[in-house]
Amino acid sequence: MSNTVVIPLLLVLMVMIAPTQGVGQSHIPFASAELSSTYKTYGANRAIDGNLQTEAHSMCNSQGEEIWMNLRFSRPALIDHILVYPTHHRWTYYYRLRGAQVYIEDMDSGEELLCGTLTLDTKVRSHKIECRGGHETRVVVVRLQKSTAACIHVYEIMAFGEDAELRTVEKVEIREALYITRRVRPLIHAAANLIDGDIETFFHASYSAFEWVTLTLARPINVTEVLIINRLTGGKHPDPSAREYKAVRDRLIGTEVIVIQAGGSEVKCGEITSTREDGSSVEDQTYTIKCEEGTHGDVVQLRDRTPEVGYDNGQVTMNIAEVMILTHLKIESGEACEHSGKVLKIDCTPRVIKITHAVYGVFSNDNTCGRSYSGTCESATSLPVMRALCDGKESCTTYATNHLFGDPCPMTLKYLIASWYCVL
């Protein structure tokens with residue numbers, strides 16, 4: 001596969017797992033908070049305690065130095081938006097937060113990505129900062145730098161989005177793609193092009209009364225989503241405004257996604273009823289059909305019996321670059337407690353373990369193992385050690401000990417939390 005193809009396909013997968021914008025978002029509590037400095041007893045944890053009557057207050061800068069607040073999740077999250085409640089019992093306190101910038105730290109690159117800036121143009125209790133793009137994060141950072149006396153002075157900061165691990169999906173291997181039609185014209189653009197991972201090639205079927213493609217999976221699965229990438233160019237006319245391009249793009253209309261279950265029963269997941277006219281990129285021309293939970297099978301069919309109009313003279317056609325079939329993976333989690341005898345046991349038999357998340361330490365805003373904690377610490381080796389111990393094994397037993405993970409905070413009882421899924 002060429003480099004020019006790999007990048008768009010990765011972008012497609014990023015779009016596929018991005019959180020639904022503004023719909024079904026949940027409050028994701030922060031596990032800990034830290035200020036660059038603290039005024040008296042107004043500590044950072046007051047900003048994440050769920051109480052709009054308590055406030056967190058940093059020292060005010062006098063030399064233009066940067067003031068910051070770091071907020072951490074105990075698990076990876078996909079953030080949709082962040083609500084900031086500035087202190088407002090005095091409006092002079094309220095405007096001290098003006099110009100603060102809100103970032104998330106991308107887990108893959110470690111780069112801080114700017115979500116937005118608090119302009120405080122209107123006097124309202126809370127301000128919404130949208131933070132989208134499908135980046136997994138465990139850290140939100142608020143930064144404020146001014147030449148005048150300014151402070152981080154807030155009642156509460158709340159994050160909304162989705163637990164990243166609950167959205168883990170797997171691209172399923174398609175073993176074979178077969179094209180079935182009554183037409184007699186020779187097939188030039190074969191169905192195999194649908195599963196070759198190359199968006200420059202495409203499957204083209206025309207013209208008949210009924211077209212369908214059968215995709216045979218490597219194993220029976222719960223089909224979660226089917227991603228269909230439309231043909232991206234219109235032959236000699238790649239301009240999206242060209243008549244031929246529109247005709248090629250609209251050939252996708254009427255395509256149905258059918259899952260064949262055990263015993264031959266069929267479940268229709270959905271149908272493409274329209275195409276997007278505002279772009280010709282991979283992202284613009286990727287269409288997602290979602291299947292109902294529990295739709296299980298090892299054969300997926302794409303069917304089209306809807307005649308196209310205009311350019312194709314009322315014939316049924318198919319013109320598709322690529323198809324991907326996705327299944328949700330069941331994420332499980334567990335914990336082990338230091339000096340308690342409670343161990344973490346993972347059993348994926350006959351499959352093998354894939355660790356997605358691990359933390360050895362404590363968070364101040366937590367009660368794991370039935371204990372309360374006054375500080376926050378985390379071993380930097382948590383995830384690599386867990387992966388070395390358990391990844392690729394059918395079962396694994398792990399203890400919460402400094403011997404394995406190091407001691408991020410001496411004289412404190414710690415715990416180990418981990419998440420995983422089972423793969424073939």
# chains A, B, ... in the order shown; residues from 1 in each chain; ligands from 1
>>> closest_atom_pairs(of="range 286-364 of chain A", to="range 247-261 of chain A", cutoff="7 Å", atoms="only C-alpha atoms", output="CSV")
residue,atom,partner,partner_atom,distance
A:His296,CA,A:Gln261,CA,5.9
A:Gly297,CA,A:Gln261,CA,4.4
A:Asp298,CA,A:Ile260,CA,6.9
A:Val299,CA,A:Ile260,CA,5.2
A:Val300,CA,A:Val259,CA,4.5
A:Gln301,CA,A:Ile258,CA,5.0
A:Leu302,CA,A:Val257,CA,5.0
A:Arg303,CA,A:Glu256,CA,5.1
A:Asp304,CA,A:Thr255,CA,4.6
A:Arg305,CA,A:Gly254,CA,6.9
A:Thr306,CA,A:Gly254,CA,5.3
A:Glu308,CA,A:Arg251,CA,6.3
A:Tyr311,CA,A:Ala247,CA,5.9
A:Thr317,CA,A:Arg251,CA,5.9
A:Met318,CA,A:Arg251,CA,5.8
A:Asn319,CA,A:Arg251,CA,6.3
>>> residues_around(residues="Lys330 in chain A", least_positions_apart="2", cutoff="7 Å", atoms="only C-alpha atoms", output="number ranges by chain")
A: 328, 332, 421
>>> residues_around(residues="Asp366 in chain A", least_positions_apart="6", cutoff="10 Å", atoms="only C-alpha atoms", output="list in words")
Phe30, Ala31, Ser32, Ser74, Ser372, Tyr373, Ser374 and Thr376 of chain A
>>> write_last_selection(atoms="C-alpha atoms", output="PDB file, in the first residue's frame")
ATOM      1  CA  PHE A  30     -11.490  14.302  37.044  1.00  0.00           C
ATOM      2  CA  ALA A  31      -9.437  12.146  39.399  1.00  0.00           C
ATOM      3  CA  SER A  32      -7.014  14.860  40.505  1.00  0.00           C
ATOM      4  CA  SER A  74      -7.984   8.100  35.914  1.00  0.00           C
ATOM      5  CA  SER A 372      -9.539   7.527  50.851  1.00  0.00           C
ATOM      6  CA  TYR A 373      -6.442   9.313  49.569  1.00  0.00           C
ATOM      7  CA  SER A 374      -5.094  12.761  50.283  1.00  0.00           C
ATOM      8  CA  THR A 376      -2.051  11.926  43.881  1.00  0.00           C
TER       9      THR A 376
END
>>> select_by_dssp(residues="range 199-406 of chain A", states="helix (DSSP H, G or I)", output="VMD selection string")
chain A and resid 243 to 250 262 to 264 310 to 312 368 to 370 382 to 390 402 to 405
>>> write_last_selection(atoms="N, CA, C and O atoms", output="compact mmCIF listing (two decimals), in the first residue's frame")
# COMPACT_ATOMS: atom_id res chain seq x y z
N ARG A 243 -20.46 17.12 -13.96
CA ARG A 243 -21.65 16.29 -14.10
C ARG A 243 -21.32 14.82 -13.88
O ARG A 243 -22.04 14.10 -13.21
N GLU A 244 -20.19 14.37 -14.45
CA GLU A 244 -19.84 12.96 -14.31
C GLU A 244 -19.51 12.61 -12.87
O GLU A 244 -19.86 11.55 -12.38
N TYR A 245 -18.81 13.53 -12.17
CA TYR A 245 -18.49 13.23 -10.77
C TYR A 245 -19.74 13.05 -9.95
O TYR A 245 -19.85 12.14 -9.14
N LYS A 246 -20.72 13.93 -10.13
CA LYS A 246 -21.96 13.82 -9.37
C LYS A 246 -22.65 12.50 -9.68
O LYS A 246 -23.17 11.82 -8.79
N ALA A 247 -22.62 12.09 -10.94
CA ALA A 247 -23.25 10.82 -11.31
C ALA A 247 -22.54 9.64 -10.66
O ALA A 247 -23.17 8.71 -10.16
N VAL A 248 -21.21 9.68 -10.63
CA VAL A 248 -20.45 8.61 -10.00
C VAL A 248 -20.73 8.58 -8.50
O VAL A 248 -20.95 7.51 -7.91
N ARG A 249 -20.71 9.75 -7.88
CA ARG A 249 -20.95 9.82 -6.43
C ARG A 249 -22.33 9.28 -6.07
O ARG A 249 -22.50 8.54 -5.10
N ASP A 250 -23.33 9.63 -6.85
CA ASP A 250 -24.71 9.27 -6.52
C ASP A 250 -25.04 7.82 -6.82
O ASP A 250 -26.13 7.35 -6.47
N ALA A 262 -26.66 -16.89 11.20
CA ALA A 262 -26.67 -18.35 11.19
C ALA A 262 -28.08 -18.83 10.85
O ALA A 262 -29.06 -18.31 11.35
N GLY A 263 -28.17 -19.83 9.98
CA GLY A 263 -29.47 -20.33 9.55
C GLY A 263 -30.00 -19.62 8.34
O GLY A 263 -31.06 -19.98 7.81
N GLY A 264 -29.31 -18.55 7.89
CA GLY A 264 -29.71 -17.86 6.67
C GLY A 264 -30.62 -16.67 6.86
O GLY A 264 -30.96 -15.99 5.88
N GLY A 310 -30.36 10.04 -14.93
CA GLY A 310 -29.50 10.98 -15.64
C GLY A 310 -28.36 10.29 -16.35
O GLY A 310 -28.55 9.59 -17.35
N TYR A 311 -27.16 10.44 -15.82
CA TYR A 311 -25.94 9.98 -16.48
C TYR A 311 -25.96 8.49 -16.77
O TYR A 311 -25.45 8.04 -17.79
N ASP A 312 -26.53 7.68 -15.85
CA ASP A 312 -26.49 6.23 -16.02
C ASP A 312 -27.73 5.68 -16.71
O ASP A 312 -27.97 4.48 -16.73
N THR A 368 -10.99 3.88 45.48
CA THR A 368 -10.67 2.51 45.09
C THR A 368 -10.11 1.73 46.29
O THR A 368 -9.37 2.27 47.10
N CYS A 369 -10.47 0.48 46.35
CA CYS A 369 -10.08 -0.42 47.45
C CYS A 369 -10.70 -0.02 48.77
O CYS A 369 -10.26 -0.46 49.84
N GLY A 370 -11.72 0.85 48.75
CA GLY A 370 -12.40 1.25 49.96
C GLY A 370 -11.59 2.17 50.85
O GLY A 370 -11.86 2.30 52.04
N SER A 382 3.48 1.93 34.78
CA SER A 382 2.27 1.14 34.96
C SER A 382 1.86 0.39 33.70
O SER A 382 1.70 -0.84 33.71
N LEU A 383 1.66 1.12 32.60
CA LEU A 383 1.18 0.50 31.37
C LEU A 383 2.22 -0.44 30.74
O LEU A 383 1.89 -1.58 30.40
N PRO A 384 3.47 0.00 30.56
CA PRO A 384 4.44 -0.94 29.94
C PRO A 384 4.66 -2.20 30.76
O PRO A 384 4.84 -3.29 30.18
N VAL A 385 4.64 -2.11 32.09
CA VAL A 385 4.83 -3.31 32.91
C VAL A 385 3.65 -4.25 32.74
O VAL A 385 3.83 -5.48 32.57
N MET A 386 2.42 -3.72 32.79
CA MET A 386 1.25 -4.58 32.62
C MET A 386 1.23 -5.24 31.25
O MET A 386 0.87 -6.42 31.12
N ARG A 387 1.61 -4.51 30.24
CA ARG A 387 1.64 -5.09 28.90
C ARG A 387 2.70 -6.18 28.80
O ARG A 387 2.50 -7.22 28.17
N ALA A 388 3.84 -5.96 29.42
CA ALA A 388 4.90 -6.97 29.40
C ALA A 388 4.47 -8.23 30.15
O ALA A 388 4.82 -9.34 29.76
N LEU A 389 3.70 -8.05 31.22
CA LEU A 389 3.27 -9.19 32.03
C LEU A 389 2.14 -9.99 31.39
O LEU A 389 2.07 -11.21 31.54
N CYS A 390 1.23 -9.29 30.67
CA CYS A 390 -0.03 -9.94 30.29
C CYS A 390 -0.33 -10.00 28.80
O CYS A 390 -1.04 -10.92 28.36
N ASN A 402 5.27 -2.45 44.84
CA ASN A 402 6.35 -1.56 44.42
C ASN A 402 7.44 -2.34 43.68
O ASN A 402 8.15 -1.77 42.85
N HIS A 403 7.55 -3.62 43.99
CA HIS A 403 8.56 -4.45 43.33
C HIS A 403 8.36 -4.48 41.82
O HIS A 403 9.33 -4.49 41.06
N LEU A 404 7.11 -4.49 41.38
CA LEU A 404 6.81 -4.53 39.94
C LEU A 404 6.81 -3.15 39.30
O LEU A 404 7.31 -2.96 38.19
N PHE A 405 6.23 -2.17 39.98
CA PHE A 405 5.93 -0.89 39.35
C PHE A 405 6.76 0.28 39.88
O PHE A 405 6.65 1.39 39.37
>>> closest_residue(among="A:Glu200, A:Glu293, A:Glu156, A:Asp121", to="Cys269 in chain A", atoms="only C-alpha atoms")
A:Glu293
>>> closest_residue(among="A:Glu55, A:Glu130, A:Glu173, A:Asp407", to="Tyr103 in chain A", atoms="only C-alpha atoms")
A:Glu130
